[in-house]
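Coordinates as given in query_4.txt (compact mmCIF, C-alpha atoms):
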```
# COMPACT_ATOMS: atom_id res chain seq x y z
CA MET A 171 -2.29 24.53 -5.53
CA MET A 172 -5.19 23.70 -7.77
CA PRO A 173 -4.70 21.43 -10.80
CA GLN A 174 -3.23 23.11 -13.86
CA LEU A 175 -3.41 20.44 -16.51
CA VAL A 176 -5.35 17.23 -16.96
CA THR A 177 -3.96 14.82 -19.50
CA VAL A 178 -6.13 12.08 -20.94
CA LYS A 179 -4.56 9.49 -23.17
CA MET A 180 -6.60 6.73 -24.76
CA MET A 181 -5.40 3.85 -26.88
CA ARG A 182 -8.19 2.49 -29.00
CA PRO A 183 -8.31 -1.26 -29.79
CA ASN A 184 -7.23 -0.48 -33.37
CA GLY A 185 -3.98 0.90 -31.95
CA ARG A 186 -4.64 4.60 -32.69
CA PRO A 187 -4.02 6.82 -29.68
CA ILE A 188 -6.06 9.87 -28.65
CA ARG A 189 -4.39 12.46 -26.46
CA ILE A 190 -6.29 15.30 -24.81
CA TRP A 191 -4.69 18.03 -22.74
CA VAL A 192 -7.16 20.04 -20.68
CA PRO A 193 -5.84 23.27 -19.15
CA VAL A 194 -7.99 23.54 -16.03
CA LEU A 195 -8.00 27.30 -15.41
CA PRO A 196 -9.04 28.39 -18.95
CA VAL A 197 -11.72 25.70 -19.01
CA LEU A 198 -13.01 26.88 -15.62
CA LEU A 199 -13.11 30.45 -16.90
CA VAL A 200 -15.08 29.41 -19.96
CA LEU A 201 -17.45 27.38 -17.82
CA SER A 202 -17.61 30.02 -15.06
CA PRO A 203 -21.40 30.57 -15.39
CA LEU A 204 -21.94 26.87 -14.77
CA VAL A 205 -19.40 26.91 -11.92
CA VAL A 206 -21.25 29.79 -10.24
CA LEU A 207 -24.55 27.94 -10.69
CA ALA A 208 -23.06 24.78 -9.17
CA ALA A 209 -21.71 26.82 -6.24
CA VAL A 210 -25.18 28.30 -5.62
CA VAL A 211 -26.78 24.82 -5.73
CA ALA A 212 -24.11 23.52 -3.32
CA ALA A 213 -24.73 26.47 -0.98
CA VAL A 214 -28.48 25.79 -0.96
CA ALA A 215 -27.84 22.09 -0.28
CA CYS A 216 -25.53 23.03 2.62
CA LEU A 217 -28.24 25.27 4.10
CA VAL A 218 -30.90 22.57 3.70
CA TYR A 219 -28.74 19.92 5.38
CA ARG A 220 -27.40 22.41 7.99
CA ILE A 221 -23.77 22.06 6.96
CA SER A 222 -21.39 24.96 7.53
CA LEU A 223 -20.91 26.75 4.19
CA LEU A 224 -17.37 27.76 5.09
CA ARG A 225 -16.37 24.21 6.03
CA ALA A 226 -18.00 22.78 2.91
CA PHE A 227 -16.26 25.16 0.51
CA GLY A 228 -13.00 24.80 2.45
CA THR A 229 -13.19 21.03 2.07
CA GLY A 230 -14.06 21.38 -1.63
CA TRP A 231 -11.01 23.58 -2.11
CA ARG A 232 -8.83 21.07 -0.19
CA ILE A 233 -9.98 18.28 -2.50
CA MET A 234 -9.23 20.40 -5.58
CA SER A 235 -5.81 21.28 -4.19
CA ALA A 236 -5.02 17.65 -3.40
CA LEU A 237 -5.73 16.41 -6.92
CA PRO A 238 -2.35 17.23 -8.58
CA GLY A 239 -0.23 14.08 -8.69
CA THR A 240 -3.19 11.79 -9.26
CA ARG A 241 -2.61 9.27 -12.00
CA VAL A 242 -4.88 6.49 -13.18
CA ASP A 243 -3.52 4.12 -15.79
CA VAL A 244 -5.68 1.24 -16.99
CA GLU A 245 -4.78 -1.19 -19.77
CA HIS A 246 -6.87 -4.04 -21.03
CA GLY A 247 -5.51 -5.90 -24.00
CA ARG A 248 -4.80 -3.29 -26.66
CA ALA A 249 -7.10 -0.67 -25.15
CA ALA A 250 -5.69 1.71 -22.56
CA VAL A 251 -6.70 4.86 -20.70
CA LEU A 252 -4.39 7.16 -18.80
CA VAL A 253 -5.62 10.13 -16.77
CA SER A 254 -3.01 12.29 -15.17
CA ILE A 255 -3.65 15.44 -13.16
CA ARG A 256 -0.81 17.93 -12.73
CA MET B 96 37.14 -5.48 4.24
CA ASN B 97 36.91 -1.85 5.24
CA GLU B 98 39.77 0.44 6.18
CA GLN B 99 39.11 0.56 9.92
CA ARG B 100 39.04 -3.24 10.22
CA LYS B 101 42.32 -3.41 8.25
CA GLU B 102 43.91 -0.89 10.64
CA ILE B 103 42.86 -2.95 13.68
CA LEU B 104 44.32 -6.12 12.16
CA GLN B 105 47.49 -4.20 11.27
CA MET B 106 47.80 -3.01 14.88
CA LEU B 107 47.33 -6.61 16.03
CA ALA B 108 50.02 -7.81 13.62
CA GLU B 109 52.40 -5.13 14.86
CA GLY B 110 51.71 -6.13 18.47
CA LYS B 111 50.27 -2.73 19.36
CA VAL B 112 47.05 -4.35 20.67
CA THR B 113 46.33 -7.79 22.06
CA ALA B 114 43.99 -10.25 20.35
CA GLU B 115 41.29 -9.50 22.94
CA GLU B 116 41.56 -5.76 22.39
CA ALA B 117 41.40 -6.25 18.62
CA GLU B 118 38.28 -8.39 19.03
CA GLN B 119 36.65 -5.70 21.19
CA LEU B 120 37.54 -3.02 18.64
CA ILE B 121 36.08 -5.04 15.77
CA ALA B 122 32.92 -5.74 17.76
CA ALA B 123 32.55 -2.02 18.50
CA LEU B 124 33.05 -1.29 14.80
CA GLU B 125 30.31 -3.74 13.81
CA ARG B 126 27.93 -2.22 16.34
CA ASP B 127 28.43 1.24 14.81
CA GLN B 128 27.84 0.07 11.24
CA PRO B 129 24.28 -0.66 10.08
CA ALA B 130 23.63 -4.16 8.82
CA PRO B 131 23.67 -4.38 5.02
CA ALA B 132 20.27 -4.81 3.37
CA ALA B 133 19.43 -8.32 2.28
CA PRO B 134 19.31 -8.80 -1.49
CA GLY B 135 15.81 -8.37 -2.84
CA SER B 136 14.64 -6.60 0.29
CA ASP B 137 12.49 -3.48 0.10
CA VAL B 138 14.83 -0.51 -0.33
CA ARG B 139 12.22 2.23 -0.62
CA PRO B 140 13.34 5.43 1.10
CA LYS B 141 11.80 5.82 4.54
CA GLY B 142 10.19 9.23 4.62
CA LYS B 143 6.78 10.67 4.88
CA PRO B 144 4.73 8.94 2.18
CA LYS B 145 3.09 11.15 -0.42
CA TYR B 146 1.17 8.74 -2.59
CA LEU B 147 -0.93 5.63 -2.25
CA ARG B 148 -0.21 3.24 -5.09
CA VAL B 149 -2.43 0.41 -6.28
CA MET B 150 -1.01 -1.87 -8.95
CA VAL B 151 -2.94 -4.76 -10.45
CA ASP B 152 -1.71 -7.17 -13.09
CA ALA B 153 -4.32 -9.62 -14.20
CA THR B 154 -5.17 -11.93 -17.02
CA ASP B 155 -8.84 -12.07 -17.92
CA GLU B 156 -9.76 -14.81 -20.39
CA GLY B 157 -6.31 -14.66 -21.94
CA VAL B 158 -6.29 -10.86 -22.19
CA ALA B 159 -3.72 -9.10 -20.03
CA SER B 160 -5.00 -6.21 -17.92
CA ARG B 161 -2.97 -3.74 -15.94
CA VAL B 162 -4.11 -1.07 -13.49
CA ASN B 163 -1.72 1.44 -12.02
CA ILE B 164 -3.25 4.06 -9.74
CA ARG B 165 -1.43 6.77 -7.82
CA VAL B 166 -3.48 8.82 -5.37
CA PRO B 167 -1.96 11.66 -3.32
CA LEU B 168 -2.41 11.02 0.40
CA GLN B 169 -3.46 14.66 0.64
CA LEU B 170 -6.59 13.59 -1.20
CA LEU B 171 -7.20 10.98 1.50
CA ARG B 172 -6.98 13.68 4.15
CA ALA B 173 -9.40 15.88 2.21
CA GLY B 174 -11.74 12.90 1.72
CA VAL B 175 -11.92 12.26 5.45
CA ARG B 176 -12.74 15.93 6.00
CA LEU B 177 -15.48 15.57 3.41
CA ALA B 178 -16.82 12.51 5.24
CA ALA B 179 -16.96 14.61 8.42
CA LEU B 180 -19.38 16.98 6.64
CA ILE B 181 -21.88 14.25 5.79
CA PRO B 182 -24.96 14.45 8.02
CA ALA B 183 -25.16 11.83 10.79
CA GLN B 184 -28.38 10.40 9.34
CA ALA B 185 -26.71 9.72 5.97
CA LEU B 186 -23.70 8.18 7.72
CA GLY B 187 -26.02 5.90 9.68
CA GLU B 188 -27.66 4.70 6.47
CA ALA B 189 -24.24 4.18 4.86
CA ASN B 190 -23.10 2.17 7.90
CA ALA B 191 -26.20 -0.02 7.65
CA GLU B 192 -25.57 -0.66 3.93
CA LEU B 193 -21.90 -1.44 4.58
CA SER B 194 -22.82 -3.90 7.33
CA ARG B 195 -25.36 -5.53 5.04
CA SER B 196 -22.60 -5.95 2.42
CA GLY B 197 -20.31 -7.60 4.96
CA VAL B 198 -18.13 -4.55 5.66
CA PRO B 199 -18.89 -3.57 9.26
CA VAL B 200 -17.19 -0.17 9.22
CA ASP B 201 -18.50 2.65 11.39
CA LEU B 202 -18.03 5.80 9.32
CA THR B 203 -19.04 8.00 12.26
CA GLN B 204 -15.75 7.00 13.93
CA LEU B 205 -13.73 8.33 10.99
CA LYS B 206 -12.46 11.64 12.38
CA PRO B 207 -10.09 14.10 10.65
CA GLU B 208 -7.91 14.20 13.79
CA HIS B 209 -7.18 10.44 13.42
CA ILE B 210 -6.12 10.64 9.79
CA GLU B 211 -2.53 11.73 10.53
CA ASP B 212 -1.95 8.62 12.68
CA LEU B 213 -3.48 6.49 9.96
CA ILE B 214 -1.28 8.00 7.23
CA GLU B 215 1.82 7.68 9.40
CA HIS B 216 1.19 3.96 9.73
CA LEU B 217 0.38 3.61 6.03
CA ALA B 218 4.08 4.28 5.33
CA ASP B 219 4.92 0.78 6.61
CA MET B 220 2.03 -0.88 4.84
CA SER B 221 2.55 -3.07 1.83
CA ILE B 222 -0.13 -5.49 0.72
CA GLU B 223 0.68 -8.05 -1.92
CA VAL B 224 -1.85 -10.56 -3.16
CA GLU B 225 -0.73 -13.14 -5.67
CA GLU B 226 -3.07 -15.46 -7.46
CA ALA B 227 -2.76 -17.56 -10.58
CA THR B 228 -4.47 -14.95 -12.73
CA ALA B 229 -3.85 -11.72 -10.82
CA ASN B 230 -1.29 -9.87 -8.74
CA VAL B 231 -2.29 -6.94 -6.55
CA HIS B 232 0.15 -4.66 -4.80
CA VAL B 233 -0.93 -1.79 -2.55
CA PHE B 234 1.69 0.40 -0.92
CA CYS B 235 2.64 3.97 -0.10
CA GLU B 236 5.60 5.86 -1.52
```

Kindly present the structure from the file in structure tokens form.
Amino acid sequence: MMPQLVTVKMMRPNGRPIRIWVPVLPVLLVLSPLVVLAAVVAAVACLVYRISLLRAFGTGWRIMSALPGTRVDVEHGRAAVLVSIR
Amino acid sequence: MNEQRKEILQMLAEGKVTAEEAEQLIAALERDQPAPAAPGSDVRPKGKPKYLRVMVDATDEGVASRVNIRVPLQLLRAGVRLAALIPAQALGEANAELSRSGVPVDLTQLKPEHIEDLIEHLADMSIEVEEATANVHVFCE
């Protein structure tokens, strides 16, 4: 299953937190022209380097599907960043 | 003392079994029961691991830093498949750069069919590095 929600939480050194929730599907829909363009560029690159298009897009989809559950939490002093993909 | 052991000792006291028989029964009982875990030992459930965890606690010039990363092992599988797509020429150049940096890893030997064995063995892996200013713990869960 592809990621549904990306949560980014940042704690600035002054102690004020910033929280951003990014719903992946709506954002992808909004950015769909760019996504299509990126897919075309990737397809051309695959053809140039003689890589199977099917395998390349299959692997890309696998990576997208494997992302949910990823969590990166970094704290340094009073500053902190948390990225969580669900 | 568990119930079965008590029953054996009761039978011995009542003269229903001899001391030798009681000893044999207790020995058989101990064989059937798993040894209790030592205090402080790793009690993580043994199953198929799902995540690779990297935890770092460090102090840098008096400032505490903490890194806690959880990566799904599924992503590792997908990454190896991605590596299989990289043209041989690029892999050769990457190998040369890795060797130059002191990491003699042959990326051309990284095959998707080997990844399952690798992940299976990762379940038993736990790396802990302790230094005066930093602790690193890498494990699967």

### Task
Write out as a PyMOL selection string the residues lying within 6 Å of stretch 232-239 of chain A, counting only C-alpha atoms and excluding same-chain residues fewer than 5 positions away.
(chain A and resi 171-173+255-256) or (chain B and resi 169-170+173)

### Query
From the list A:Ala215, A:Val206, A:Val244, A:Val251, which residue is nearest chain B when using all atoms listed in the file?
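Between A:Ala215, A:Val206, A:Val244, A:Val251, the residue approaching chain B most closely is A:Val244.
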
### All residues 12 Å or closer to B:Arg176, only C-alpha atoms, same chain fewer than 3 positions away omitted, as a count of residues only
26

### Task
Give the residues of chain B that lie within 8 Å of chain A; count all atoms listed in the file, and format the answer as a list in words.
Val158, Ala159, Ser160, Arg161, Val162, Asn163, Ile164, Arg165, Val166, Pro167, Gln169, Leu170, Ala173, Gly174, Arg176, Leu177, Leu180 and Pro182 of chain B

I'd like the contact shell of A:Trp191 - 7 Å cut-off, all atoms listed in the file, skipping same-chain residues fewer than 4 positions apart - returned as a PDB file with C-alpha atoms, in the coordinates of the input.
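Saved as out-v3.pdb:
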```pdb
ATOM      1  CA  LEU A 175      -3.410  20.440 -16.510  1.00  0.00           C
ATOM      2  CA  VAL A 176      -5.350  17.230 -16.960  1.00  0.00           C
ATOM      3  CA  THR A 177      -3.960  14.820 -19.500  1.00  0.00           C
ATOM      4  CA  VAL A 178      -6.130  12.080 -20.940  1.00  0.00           C
TER       5      VAL A 178
END
```

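Each of B:Ile121, B:Cys235, B:Val198, B:Leu186 was checked against B:Ser221 using only C-alpha atoms; the smallest atom-to-atom distance is that of B:Cys235.
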
#### Entry: Interatomic distance (Å, one decimal) between atom CA of A:Gly185 and atom CA of B:Ala153
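So the answer is 20.6 Å.
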
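For the choices B:Lys145, B:Arg100, B:Lys111, B:His232, the atom-to-atom distance to B:Ile214 is smallest for B:Lys145 when using only C-alpha atoms.
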
### Query
If you measure from atom CA of B:Ala218 to atom CA of B:Phe234, what distance in Å do you get, rounded to one decimal?
7.7 Å

### Message
Just to confirm, what's the straight-line distance from atom CA of B:Val224 to atom CA of B:Val175 in Å (one decimal)?
### Response
26.4 Å
